[in-house]
Amino acid sequence: MPHICLVDDEQNIRRLVAYDLKQAGYTFDACENGLEAYTLSQSKKYDVFIVDWMMPVMDGLCLVKKLRAEGVGALIIMLTAKSEEEDLIEAFESGVDDYMTKPFSSRELLLRIKTHLTRLSHHRGQSLDLKGLTINPITREVKYQEHSIDLTKVEFDLLSYLAHHNDQVLSRDQILNELWGFDYDGDTRIVDVHISKLRPKLEVTSCRLKSLRGIGYRLEVNV
């Protein structure tokens, strides 16, 4: 069973989420701030971090940056009252995999955790090769002409999904439902944020992400 680190300075939220985690059978540690969680991460291995943004001592964003800088590859879900697009971008650029705005449903949080972990453990088919861009679902590596391209978990899943349907137009809803595995009713800008982060990483390759206003996105392979 995956081991989870829950980090939030609000006691009521810790109690609520901790109760649902326990009912779902997860093992977890609950922390009041980022420093406490970071200290625990030095001696324990976590599969998931549920992290509040605004906390004393060490905030959630600082914690995420430190974990990613040290090569921690765990799933990280950010909880926050911040909802501006700039906040979304800042969180994802720091290494967050998913983002939920407060108030949130703890049942939805558990569903997202389950969906992400299921997707990460599910290896689909053989490697794809798109004019020198290789996507390996087993090692979760992306290379172009043997040069590695560094992607986050969500960026890898997004590219893989688009690559499996290259030259097809995929709507935001299709992408959300594929990556999150359920009828997502949150902020659809999450797709645009990940697309904007993924696009420049593909500039050195033969693939391009095209936006079709009001419709969706398409991965095109230049001949």
# chains A, B, ... in the order shown; residues from 1 in each chain; ligands from 1
>>> residues_around(residues="stretch 94-102 of chain A", least_positions_apart="2", cutoff="10 Å", atoms="only C-alpha atoms", output="JSON, numbers by chain")
{"A": [49, 50, 51, 52, 61, 62, 63, 64, 65, 66, 67, 68, 69, 73, 74, 75, 76, 77, 78, 79, 80, 81, 82, 83, 88, 89, 90, 91, 92, 104, 105, 108, 109, 112, 113, 116, 151, 152, 153, 154, 155, 180, 186, 187, 190, 194]}
>>> residues_around(residues="A:Leu159", least_positions_apart="6", cutoff="9 Å", atoms="only C-alpha atoms", output="number ranges by chain")
A: 135, 198, 219
>>> atom_distance(atom1="atom CA of A:Arg14", atom2="atom CA of A:Asp59")
15.7 Å
>>> closest_residue(among="A:Arg218, A:Lys210, A:Arg199, A:Arg189", to="A:Glu86", atoms="only C-alpha atoms")
A:Arg189
>>> atom_distance(atom1="atom CA of A:Lys22", atom2="atom CA of A:Glu70")
28.6 Å
>>> residues_around(residues="A:Glu220", least_positions_apart="2", cutoff="12 Å", atoms="only C-alpha atoms", output="CSV table (one decimal) with N, CA and C atoms, in the first residue's frame")
chain,number,residue,atom,x,y,z
A,130,LEU,N,8.4,8.6,-33.0
A,130,LEU,CA,7.8,9.6,-33.9
A,130,LEU,C,8.9,10.5,-34.5
A,131,LYS,N,9.4,10.0,-35.6
A,131,LYS,CA,10.5,10.7,-36.3
A,131,LYS,C,11.7,11.1,-35.4
A,159,LEU,N,2.1,13.9,-23.1
A,159,LEU,CA,2.7,13.6,-24.4
A,159,LEU,C,2.4,12.2,-24.9
A,162,LEU,N,-1.2,12.2,-26.3
A,162,LEU,CA,-1.2,12.9,-27.6
A,162,LEU,C,-0.5,12.1,-28.7
A,163,ALA,N,0.6,11.4,-28.3
A,163,ALA,CA,1.4,10.7,-29.3
A,163,ALA,C,0.6,9.5,-29.8
A,164,HIS,N,-0.2,8.8,-28.9
A,164,HIS,CA,-1.0,7.7,-29.3
A,164,HIS,C,-2.1,8.1,-30.2
A,165,HIS,N,-2.4,9.4,-30.3
A,165,HIS,CA,-3.5,9.9,-31.1
A,165,HIS,C,-2.9,11.1,-32.0
A,166,ASN,N,-1.6,10.9,-32.4
A,166,ASN,CA,-1.0,12.0,-33.2
A,166,ASN,C,-1.8,12.3,-34.5
A,167,ASP,N,-1.9,13.6,-34.8
A,167,ASP,CA,-2.7,14.2,-35.9
A,167,ASP,C,-4.2,14.1,-35.7
A,168,GLN,N,-4.6,13.7,-34.4
A,168,GLN,CA,-6.0,13.8,-34.1
A,168,GLN,C,-6.2,15.0,-33.1
A,169,VAL,N,-7.3,15.7,-33.2
A,169,VAL,CA,-7.6,16.8,-32.3
A,169,VAL,C,-8.3,16.2,-31.1
A,199,ARG,N,5.2,22.3,-24.6
A,199,ARG,CA,5.5,22.8,-25.9
A,199,ARG,C,6.9,23.2,-26.1
A,202,LEU,N,9.5,20.4,-26.7
A,202,LEU,CA,9.5,19.6,-27.9
A,202,LEU,C,10.0,20.4,-29.1
A,203,GLU,N,10.5,21.6,-28.9
A,203,GLU,CA,11.0,22.5,-30.0
A,203,GLU,C,12.2,21.9,-30.7
A,205,THR,N,12.6,18.8,-31.3
A,205,THR,CA,12.2,17.5,-31.9
A,205,THR,C,11.4,17.8,-33.2
A,206,SER,N,10.9,16.8,-33.9
A,206,SER,CA,10.2,16.9,-35.1
A,206,SER,C,8.7,17.0,-34.8
A,207,CYS,N,8.3,17.1,-33.5
A,207,CYS,CA,6.9,17.2,-33.1
A,207,CYS,C,6.5,18.6,-32.7
A,208,ARG,N,5.3,18.9,-33.0
A,208,ARG,CA,4.8,20.2,-32.6
A,208,ARG,C,3.4,20.1,-32.0
A,209,LEU,N,3.1,20.9,-30.9
A,209,LEU,CA,1.8,20.9,-30.3
A,209,LEU,C,1.0,22.1,-30.9
A,210,LYS,N,-0.1,21.8,-31.6
A,210,LYS,CA,-0.9,22.8,-32.2
A,210,LYS,C,-2.2,23.0,-31.4
A,211,SER,N,-2.5,24.3,-31.3
A,211,SER,CA,-3.8,24.7,-30.6
A,211,SER,C,-4.8,25.0,-31.6
A,217,TYR,N,-6.3,20.3,-28.8
A,217,TYR,CA,-4.9,20.3,-29.1
A,217,TYR,C,-4.6,19.1,-30.0
A,218,ARG,N,-3.6,19.2,-30.8
A,218,ARG,CA,-3.1,18.1,-31.7
A,218,ARG,C,-1.6,18.1,-31.7
A,222,ASN,N,6.3,16.5,-38.0
A,222,ASN,CA,6.8,17.0,-39.3
A,222,ASN,C,7.5,15.9,-40.0
A,223,VAL,N,7.2,15.9,-41.3
A,223,VAL,CA,7.8,14.9,-42.2
A,223,VAL,C,9.2,15.4,-42.7
>>> atom_distance(atom1="atom CA of A:Phe156", atom2="atom CA of A:Ser171")
17.8 Å
>>> select_by_dssp(residues="stretch 114-220 of chain A", states="helix (DSSP H, G or I)", output="number ranges by chain")
A: 114-121, 153-164, 172-180, 189-202
>>> write_last_selection(atoms="C-alpha atoms", output="PDB file, in the first residue's frame")
ATOM      1  CA  LYS A 114      -5.928   6.372  -6.772  1.00  0.00           C
ATOM      2  CA  THR A 115      -6.162   7.414 -10.424  1.00  0.00           C
ATOM      3  CA  HIS A 116      -2.662   8.881 -10.549  1.00  0.00           C
ATOM      4  CA  LEU A 117      -1.112   5.846  -8.866  1.00  0.00           C
ATOM      5  CA  THR A 118      -2.988   3.455 -11.141  1.00  0.00           C
ATOM      6  CA  ARG A 119      -1.819   5.338 -14.220  1.00  0.00           C
ATOM      7  CA  LEU A 120       1.775   5.416 -13.022  1.00  0.00           C
ATOM      8  CA  SER A 121       1.790   1.658 -12.464  1.00  0.00           C
ATOM      9  CA  LYS A 153       4.920  12.782 -14.581  1.00  0.00           C
ATOM     10  CA  VAL A 154       1.942  14.672 -15.956  1.00  0.00           C
ATOM     11  CA  GLU A 155       3.892  16.011 -18.940  1.00  0.00           C
ATOM     12  CA  PHE A 156       4.953  12.465 -19.800  1.00  0.00           C
ATOM     13  CA  ASP A 157       1.371  11.189 -19.604  1.00  0.00           C
ATOM     14  CA  LEU A 158       0.118  14.130 -21.655  1.00  0.00           C
ATOM     15  CA  LEU A 159       2.721  13.596 -24.376  1.00  0.00           C
ATOM     16  CA  SER A 160       2.092   9.849 -24.397  1.00  0.00           C
ATOM     17  CA  TYR A 161      -1.655  10.352 -24.796  1.00  0.00           C
ATOM     18  CA  LEU A 162      -1.225  12.884 -27.577  1.00  0.00           C
ATOM     19  CA  ALA A 163       1.372  10.672 -29.295  1.00  0.00           C
ATOM     20  CA  HIS A 164      -0.989   7.695 -29.293  1.00  0.00           C
ATOM     21  CA  ARG A 172      -9.636  19.587 -23.090  1.00  0.00           C
ATOM     22  CA  ASP A 173     -12.319  17.303 -21.661  1.00  0.00           C
ATOM     23  CA  GLN A 174     -10.811  14.265 -23.390  1.00  0.00           C
ATOM     24  CA  ILE A 175      -7.366  15.100 -22.038  1.00  0.00           C
ATOM     25  CA  LEU A 176      -8.663  15.770 -18.528  1.00  0.00           C
ATOM     26  CA  ASN A 177     -10.643  12.546 -18.403  1.00  0.00           C
ATOM     27  CA  GLU A 178      -7.712  10.523 -19.733  1.00  0.00           C
ATOM     28  CA  LEU A 179      -5.073  11.945 -17.417  1.00  0.00           C
ATOM     29  CA  TRP A 180      -7.256  12.133 -14.334  1.00  0.00           C
ATOM     30  CA  ARG A 189      -6.869  25.693 -17.366  1.00  0.00           C
ATOM     31  CA  ILE A 190      -4.786  22.877 -15.903  1.00  0.00           C
ATOM     32  CA  VAL A 191      -4.554  21.456 -19.449  1.00  0.00           C
ATOM     33  CA  ASP A 192      -3.407  24.778 -20.915  1.00  0.00           C
ATOM     34  CA  VAL A 193      -0.748  25.116 -18.216  1.00  0.00           C
ATOM     35  CA  HIS A 194       0.734  21.690 -18.941  1.00  0.00           C
ATOM     36  CA  ILE A 195       0.568  22.262 -22.702  1.00  0.00           C
ATOM     37  CA  SER A 196       2.437  25.557 -22.283  1.00  0.00           C
ATOM     38  CA  LYS A 197       5.141  23.781 -20.278  1.00  0.00           C
ATOM     39  CA  LEU A 198       5.424  20.831 -22.652  1.00  0.00           C
ATOM     40  CA  ARG A 199       5.484  22.815 -25.916  1.00  0.00           C
ATOM     41  CA  PRO A 200       8.971  24.387 -25.548  1.00  0.00           C
ATOM     42  CA  LYS A 201      10.458  21.034 -24.545  1.00  0.00           C
ATOM     43  CA  LEU A 202       9.454  19.648 -27.942  1.00  0.00           C
TER      44      LEU A 202
END
>>> residues_around(residues="A:Phe28", least_positions_apart="2", cutoff="8 Å", atoms="only C-alpha atoms", output="PyMOL selection string")
chain A and resi 3-6+18+21+26+30
>>> write_last_selection(atoms="N, CA and C atoms", output="mmCIF file, in the first residue's frame")
data_model
loop_
_atom_site.group_PDB
_atom_site.id
_atom_site.type_symbol
_atom_site.label_atom_id
_atom_site.label_comp_id
_atom_site.auth_asym_id
_atom_site.auth_seq_id
_atom_site.Cartn_x
_atom_site.Cartn_y
_atom_site.Cartn_z
ATOM 1 N N HIS A 3 2.571 4.790 0.685
ATOM 2 C CA HIS A 3 2.773 5.558 1.914
ATOM 3 C C HIS A 3 2.641 7.041 1.582
ATOM 4 N N ILE A 4 1.830 7.767 2.374
ATOM 5 C CA ILE A 4 1.473 9.153 2.062
ATOM 6 C C ILE A 4 1.938 10.094 3.162
ATOM 7 N N CYS A 5 2.394 11.275 2.743
ATOM 8 C CA CYS A 5 2.741 12.345 3.679
ATOM 9 C C CYS A 5 1.730 13.475 3.492
ATOM 10 N N LEU A 6 0.949 13.737 4.520
ATOM 11 C CA LEU A 6 -0.067 14.788 4.504
ATOM 12 C C LEU A 6 0.486 16.007 5.230
ATOM 13 N N ALA A 18 -7.043 12.799 6.989
ATOM 14 C CA ALA A 18 -6.457 11.638 7.668
ATOM 15 C C ALA A 18 -7.507 10.555 7.888
ATOM 16 N N LEU A 21 -8.094 8.867 4.539
ATOM 17 C CA LEU A 21 -6.934 8.044 4.169
ATOM 18 C C LEU A 21 -6.931 6.736 4.951
ATOM 19 N N TYR A 26 -4.797 3.505 3.533
ATOM 20 C CA TYR A 26 -3.461 4.029 3.297
ATOM 21 C C TYR A 26 -2.697 4.197 4.617
ATOM 22 N N ALA A 30 1.058 12.664 9.211
ATOM 23 C CA ALA A 30 0.459 13.987 9.112
ATOM 24 C C ALA A 30 1.405 15.022 9.719
#
>>> select_by_dssp(residues="stretch 21-143 of chain A", states="strand (DSSP E or B)", output="ChimeraX atom specification")
/A:27-31,48-52,75-80,98-101,128-130,133-136,141-143
>>> closest_residue(among="A:Met1, A:Val7, A:Ile13, A:Leu111", to="A:Asp47", atoms="only C-alpha atoms")
A:Met1
>>> residues_around(residues="A:Ser106", least_positions_apart="6", cutoff="8 Å", atoms="only C-alpha atoms", output="list in words")
Leu16, Val17 and Asp20 of chain A
>>> write_last_selection(atoms="N, CA and C atoms", output="PDB file, in the first residue's frame")
ATOM      1  N   LEU A  16      -9.744  15.635   8.731  1.00  0.00           N
ATOM      2  CA  LEU A  16     -10.678  15.180   7.706  1.00  0.00           C
ATOM      3  C   LEU A  16      -9.995  14.261   6.700  1.00  0.00           C
ATOM      4  N   VAL A  17      -8.856  14.735   6.160  1.00  0.00           N
ATOM      5  CA  VAL A  17      -8.157  13.938   5.150  1.00  0.00           C
ATOM      6  C   VAL A  17      -7.564  12.681   5.776  1.00  0.00           C
ATOM      7  N   ASP A  20     -10.185   9.942   6.050  1.00  0.00           N
ATOM      8  CA  ASP A  20     -10.483   9.281   4.770  1.00  0.00           C
ATOM      9  C   ASP A  20      -9.323   8.415   4.298  1.00  0.00           C
TER      10      ASP A  20
END
>>> decode(residues="stretch 170-220 of chain A", atoms="N, CA and C atoms", output="PDB file, in the first residue's frame")
ATOM      1  N   LEU A 170      -7.672  16.555 -29.887  1.00  0.00           N
ATOM      2  CA  LEU A 170      -8.207  16.093 -28.608  1.00  0.00           C
ATOM      3  C   LEU A 170      -8.691  17.305 -27.815  1.00  0.00           C
ATOM      4  N   SER A 171      -9.906  17.224 -27.326  1.00  0.00           N
ATOM      5  CA  SER A 171     -10.469  18.335 -26.564  1.00  0.00           C
ATOM      6  C   SER A 171      -9.891  18.361 -25.151  1.00  0.00           C
ATOM      7  N   ARG A 172     -10.076  19.486 -24.479  1.00  0.00           N
ATOM      8  CA  ARG A 172      -9.636  19.587 -23.090  1.00  0.00           C
ATOM      9  C   ARG A 172     -10.299  18.522 -22.228  1.00  0.00           C
ATOM     10  N   ASP A 173     -11.594  18.294 -22.458  1.00  0.00           N
ATOM     11  CA  ASP A 173     -12.319  17.303 -21.661  1.00  0.00           C
ATOM     12  C   ASP A 173     -11.744  15.905 -21.875  1.00  0.00           C
ATOM     13  N   GLN A 174     -11.409  15.570 -23.118  1.00  0.00           N
ATOM     14  CA  GLN A 174     -10.811  14.265 -23.390  1.00  0.00           C
ATOM     15  C   GLN A 174      -9.483  14.106 -22.658  1.00  0.00           C
ATOM     16  N   ILE A 175      -8.671  15.148 -22.693  1.00  0.00           N
ATOM     17  CA  ILE A 175      -7.366  15.100 -22.038  1.00  0.00           C
ATOM     18  C   ILE A 175      -7.525  14.999 -20.528  1.00  0.00           C
ATOM     19  N   LEU A 176      -8.424  15.809 -19.966  1.00  0.00           N
ATOM     20  CA  LEU A 176      -8.663  15.770 -18.528  1.00  0.00           C
ATOM     21  C   LEU A 176      -9.139  14.398 -18.080  1.00  0.00           C
ATOM     22  N   ASN A 177     -10.092  13.842 -18.792  1.00  0.00           N
ATOM     23  CA  ASN A 177     -10.643  12.546 -18.403  1.00  0.00           C
ATOM     24  C   ASN A 177      -9.630  11.423 -18.564  1.00  0.00           C
ATOM     25  N   GLU A 178      -8.741  11.547 -19.540  1.00  0.00           N
ATOM     26  CA  GLU A 178      -7.712  10.523 -19.733  1.00  0.00           C
ATOM     27  C   GLU A 178      -6.650  10.611 -18.652  1.00  0.00           C
ATOM     28  N   LEU A 179      -6.161  11.799 -18.375  1.00  0.00           N
ATOM     29  CA  LEU A 179      -5.073  11.945 -17.417  1.00  0.00           C
ATOM     30  C   LEU A 179      -5.532  11.800 -15.976  1.00  0.00           C
ATOM     31  N   TRP A 180      -6.767  12.220 -15.702  1.00  0.00           N
ATOM     32  CA  TRP A 180      -7.256  12.133 -14.334  1.00  0.00           C
ATOM     33  C   TRP A 180      -8.191  10.942 -14.114  1.00  0.00           C
ATOM     34  N   GLY A 181      -8.673  10.349 -15.202  1.00  0.00           N
ATOM     35  CA  GLY A 181      -9.408   9.096 -15.098  1.00  0.00           C
ATOM     36  C   GLY A 181     -10.828   9.198 -14.603  1.00  0.00           C
ATOM     37  N   PHE A 182     -11.386  10.391 -14.523  1.00  0.00           N
ATOM     38  CA  PHE A 182     -12.779  10.551 -14.127  1.00  0.00           C
ATOM     39  C   PHE A 182     -13.278  11.874 -14.678  1.00  0.00           C
ATOM     40  N   ASP A 183     -14.581  12.133 -14.519  1.00  0.00           N
ATOM     41  CA  ASP A 183     -15.163  13.357 -15.066  1.00  0.00           C
ATOM     42  C   ASP A 183     -14.722  14.547 -14.238  1.00  0.00           C
ATOM     43  N   TYR A 184     -13.629  15.127 -14.655  1.00  0.00           N
ATOM     44  CA  TYR A 184     -13.009  16.242 -13.941  1.00  0.00           C
ATOM     45  C   TYR A 184     -13.899  17.472 -14.014  1.00  0.00           C
ATOM     46  N   ASP A 185     -14.210  18.074 -12.856  1.00  0.00           N
ATOM     47  CA  ASP A 185     -15.055  19.264 -12.857  1.00  0.00           C
ATOM     48  C   ASP A 185     -14.332  20.468 -12.266  1.00  0.00           C
ATOM     49  N   GLY A 186     -13.000  20.395 -12.256  1.00  0.00           N
ATOM     50  CA  GLY A 186     -12.206  21.503 -11.722  1.00  0.00           C
ATOM     51  C   GLY A 186     -11.840  22.496 -12.808  1.00  0.00           C
ATOM     52  N   ASP A 187     -10.729  23.161 -12.625  1.00  0.00           N
ATOM     53  CA  ASP A 187     -10.282  24.222 -13.523  1.00  0.00           C
ATOM     54  C   ASP A 187      -9.656  23.616 -14.779  1.00  0.00           C
ATOM     55  N   THR A 188     -10.305  23.829 -15.931  1.00  0.00           N
ATOM     56  CA  THR A 188      -9.800  23.255 -17.182  1.00  0.00           C
ATOM     57  C   THR A 188      -8.506  23.916 -17.644  1.00  0.00           C
ATOM     58  N   ARG A 189      -8.129  25.039 -17.002  1.00  0.00           N
ATOM     59  CA  ARG A 189      -6.869  25.693 -17.366  1.00  0.00           C
ATOM     60  C   ARG A 189      -5.671  24.812 -17.058  1.00  0.00           C
ATOM     61  N   ILE A 190      -5.879  23.783 -16.254  1.00  0.00           N
ATOM     62  CA  ILE A 190      -4.786  22.877 -15.903  1.00  0.00           C
ATOM     63  C   ILE A 190      -4.192  22.262 -17.169  1.00  0.00           C
ATOM     64  N   VAL A 191      -5.042  22.004 -18.177  1.00  0.00           N
ATOM     65  CA  VAL A 191      -4.554  21.456 -19.449  1.00  0.00           C
ATOM     66  C   VAL A 191      -3.686  22.484 -20.162  1.00  0.00           C
ATOM     67  N   ASP A 192      -4.158  23.723 -20.229  1.00  0.00           N
ATOM     68  CA  ASP A 192      -3.407  24.778 -20.915  1.00  0.00           C
ATOM     69  C   ASP A 192      -2.046  25.008 -20.264  1.00  0.00           C
ATOM     70  N   VAL A 193      -2.012  24.918 -18.933  1.00  0.00           N
ATOM     71  CA  VAL A 193      -0.748  25.116 -18.216  1.00  0.00           C
ATOM     72  C   VAL A 193       0.255  24.038 -18.599  1.00  0.00           C
ATOM     73  N   HIS A 194      -0.185  22.782 -18.602  1.00  0.00           N
ATOM     74  CA  HIS A 194       0.734  21.690 -18.941  1.00  0.00           C
ATOM     75  C   HIS A 194       1.148  21.733 -20.410  1.00  0.00           C
ATOM     76  N   ILE A 195       0.227  22.111 -21.283  1.00  0.00           N
ATOM     77  CA  ILE A 195       0.568  22.262 -22.702  1.00  0.00           C
ATOM     78  C   ILE A 195       1.639  23.339 -22.868  1.00  0.00           C
ATOM     79  N   SER A 196       1.481  24.453 -22.164  1.00  0.00           N
ATOM     80  CA  SER A 196       2.437  25.557 -22.283  1.00  0.00           C
ATOM     81  C   SER A 196       3.814  25.168 -21.761  1.00  0.00           C
ATOM     82  N   LYS A 197       3.854  24.254 -20.800  1.00  0.00           N
ATOM     83  CA  LYS A 197       5.141  23.781 -20.278  1.00  0.00           C
ATOM     84  C   LYS A 197       5.772  22.738 -21.187  1.00  0.00           C
ATOM     85  N   LEU A 198       4.920  21.905 -21.801  1.00  0.00           N
ATOM     86  CA  LEU A 198       5.424  20.831 -22.652  1.00  0.00           C
ATOM     87  C   LEU A 198       5.892  21.351 -24.006  1.00  0.00           C
ATOM     88  N   ARG A 199       5.204  22.325 -24.553  1.00  0.00           N
ATOM     89  CA  ARG A 199       5.484  22.815 -25.916  1.00  0.00           C
ATOM     90  C   ARG A 199       6.949  23.188 -26.145  1.00  0.00           C
ATOM     91  N   PRO A 200       7.570  24.020 -25.284  1.00  0.00           N
ATOM     92  CA  PRO A 200       8.971  24.387 -25.548  1.00  0.00           C
ATOM     93  C   PRO A 200       9.941  23.218 -25.431  1.00  0.00           C
ATOM     94  N   LYS A 201       9.582  22.188 -24.693  1.00  0.00           N
ATOM     95  CA  LYS A 201      10.458  21.034 -24.545  1.00  0.00           C
ATOM     96  C   LYS A 201      10.493  20.187 -25.816  1.00  0.00           C
ATOM     97  N   LEU A 202       9.513  20.400 -26.689  1.00  0.00           N
ATOM     98  CA  LEU A 202       9.454  19.648 -27.942  1.00  0.00           C
ATOM     99  C   LEU A 202      10.038  20.417 -29.122  1.00  0.00           C
ATOM    100  N   GLU A 203      10.489  21.633 -28.875  1.00  0.00           N
ATOM    101  CA  GLU A 203      10.982  22.467 -29.976  1.00  0.00           C
ATOM    102  C   GLU A 203      12.200  21.875 -30.674  1.00  0.00           C
ATOM    103  N   VAL A 204      12.994  21.087 -29.954  1.00  0.00           N
ATOM    104  CA  VAL A 204      14.182  20.482 -30.565  1.00  0.00           C
ATOM    105  C   VAL A 204      13.842  19.212 -31.330  1.00  0.00           C
ATOM    106  N   THR A 205      12.577  18.787 -31.279  1.00  0.00           N
ATOM    107  CA  THR A 205      12.167  17.548 -31.932  1.00  0.00           C
ATOM    108  C   THR A 205      11.418  17.836 -33.228  1.00  0.00           C
ATOM    109  N   SER A 206      10.930  16.772 -33.854  1.00  0.00           N
ATOM    110  CA  SER A 206      10.154  16.908 -35.082  1.00  0.00           C
ATOM    111  C   SER A 206       8.661  17.023 -34.799  1.00  0.00           C
ATOM    112  N   CYS A 207       8.295  17.095 -33.518  1.00  0.00           N
ATOM    113  CA  CYS A 207       6.888  17.150 -33.134  1.00  0.00           C
ATOM    114  C   CYS A 207       6.509  18.552 -32.658  1.00  0.00           C
ATOM    115  N   ARG A 208       5.271  18.936 -32.954  1.00  0.00           N
ATOM    116  CA  ARG A 208       4.778  20.247 -32.555  1.00  0.00           C
ATOM    117  C   ARG A 208       3.368  20.113 -31.972  1.00  0.00           C
ATOM    118  N   LEU A 209       3.123  20.880 -30.917  1.00  0.00           N
ATOM    119  CA  LEU A 209       1.794  20.924 -30.315  1.00  0.00           C
ATOM    120  C   LEU A 209       1.020  22.089 -30.923  1.00  0.00           C
ATOM    121  N   LYS A 210      -0.084  21.772 -31.576  1.00  0.00           N
ATOM    122  CA  LYS A 210      -0.895  22.796 -32.224  1.00  0.00           C
ATOM    123  C   LYS A 210      -2.178  23.024 -31.429  1.00  0.00           C
ATOM    124  N   SER A 211      -2.527  24.300 -31.268  1.00  0.00           N
ATOM    125  CA  SER A 211      -3.759  24.672 -30.572  1.00  0.00           C
ATOM    126  C   SER A 211      -4.832  25.018 -31.606  1.00  0.00           C
ATOM    127  N   LEU A 212      -6.017  24.486 -31.409  1.00  0.00           N
ATOM    128  CA  LEU A 212      -7.152  24.827 -32.258  1.00  0.00           C
ATOM    129  C   LEU A 212      -8.171  25.521 -31.371  1.00  0.00           C
ATOM    130  N   ARG A 213      -8.283  26.814 -31.536  1.00  0.00           N
ATOM    131  CA  ARG A 213      -9.082  27.651 -30.644  1.00  0.00           C
ATOM    132  C   ARG A 213     -10.507  27.114 -30.487  1.00  0.00           C
ATOM    133  N   GLY A 214     -10.901  26.915 -29.247  1.00  0.00           N
ATOM    134  CA  GLY A 214     -12.256  26.470 -28.958  1.00  0.00           C
ATOM    135  C   GLY A 214     -12.480  24.987 -29.188  1.00  0.00           C
ATOM    136  N   ILE A 215     -11.425  24.270 -29.638  1.00  0.00           N
ATOM    137  CA  ILE A 215     -11.596  22.841 -29.938  1.00  0.00           C
ATOM    138  C   ILE A 215     -10.684  21.987 -29.053  1.00  0.00           C
ATOM    139  N   GLY A 216      -9.372  22.213 -29.166  1.00  0.00           N
ATOM    140  CA  GLY A 216      -8.452  21.412 -28.363  1.00  0.00           C
ATOM    141  C   GLY A 216      -7.030  21.473 -28.889  1.00  0.00           C
ATOM    142  N   TYR A 217      -6.321  20.345 -28.783  1.00  0.00           N
ATOM    143  CA  TYR A 217      -4.909  20.288 -29.146  1.00  0.00           C
ATOM    144  C   TYR A 217      -4.629  19.069 -30.021  1.00  0.00           C
ATOM    145  N   ARG A 218      -3.557  19.208 -30.816  1.00  0.00           N
ATOM    146  CA  ARG A 218      -3.146  18.122 -31.700  1.00  0.00           C
ATOM    147  C   ARG A 218      -1.620  18.074 -31.732  1.00  0.00           C
ATOM    148  N   LEU A 219      -1.089  16.855 -31.676  1.00  0.00           N
ATOM    149  CA  LEU A 219       0.357  16.655 -31.822  1.00  0.00           C
ATOM    150  C   LEU A 219       0.636  16.332 -33.282  1.00  0.00           C
ATOM    151  N   GLU A 220       1.446  17.192 -33.913  1.00  0.00           N
ATOM    152  CA  GLU A 220       1.766  17.005 -35.331  1.00  0.00           C
ATOM    153  C   GLU A 220       3.223  16.570 -35.467  1.00  0.00           C
TER     154      GLU A 220
END
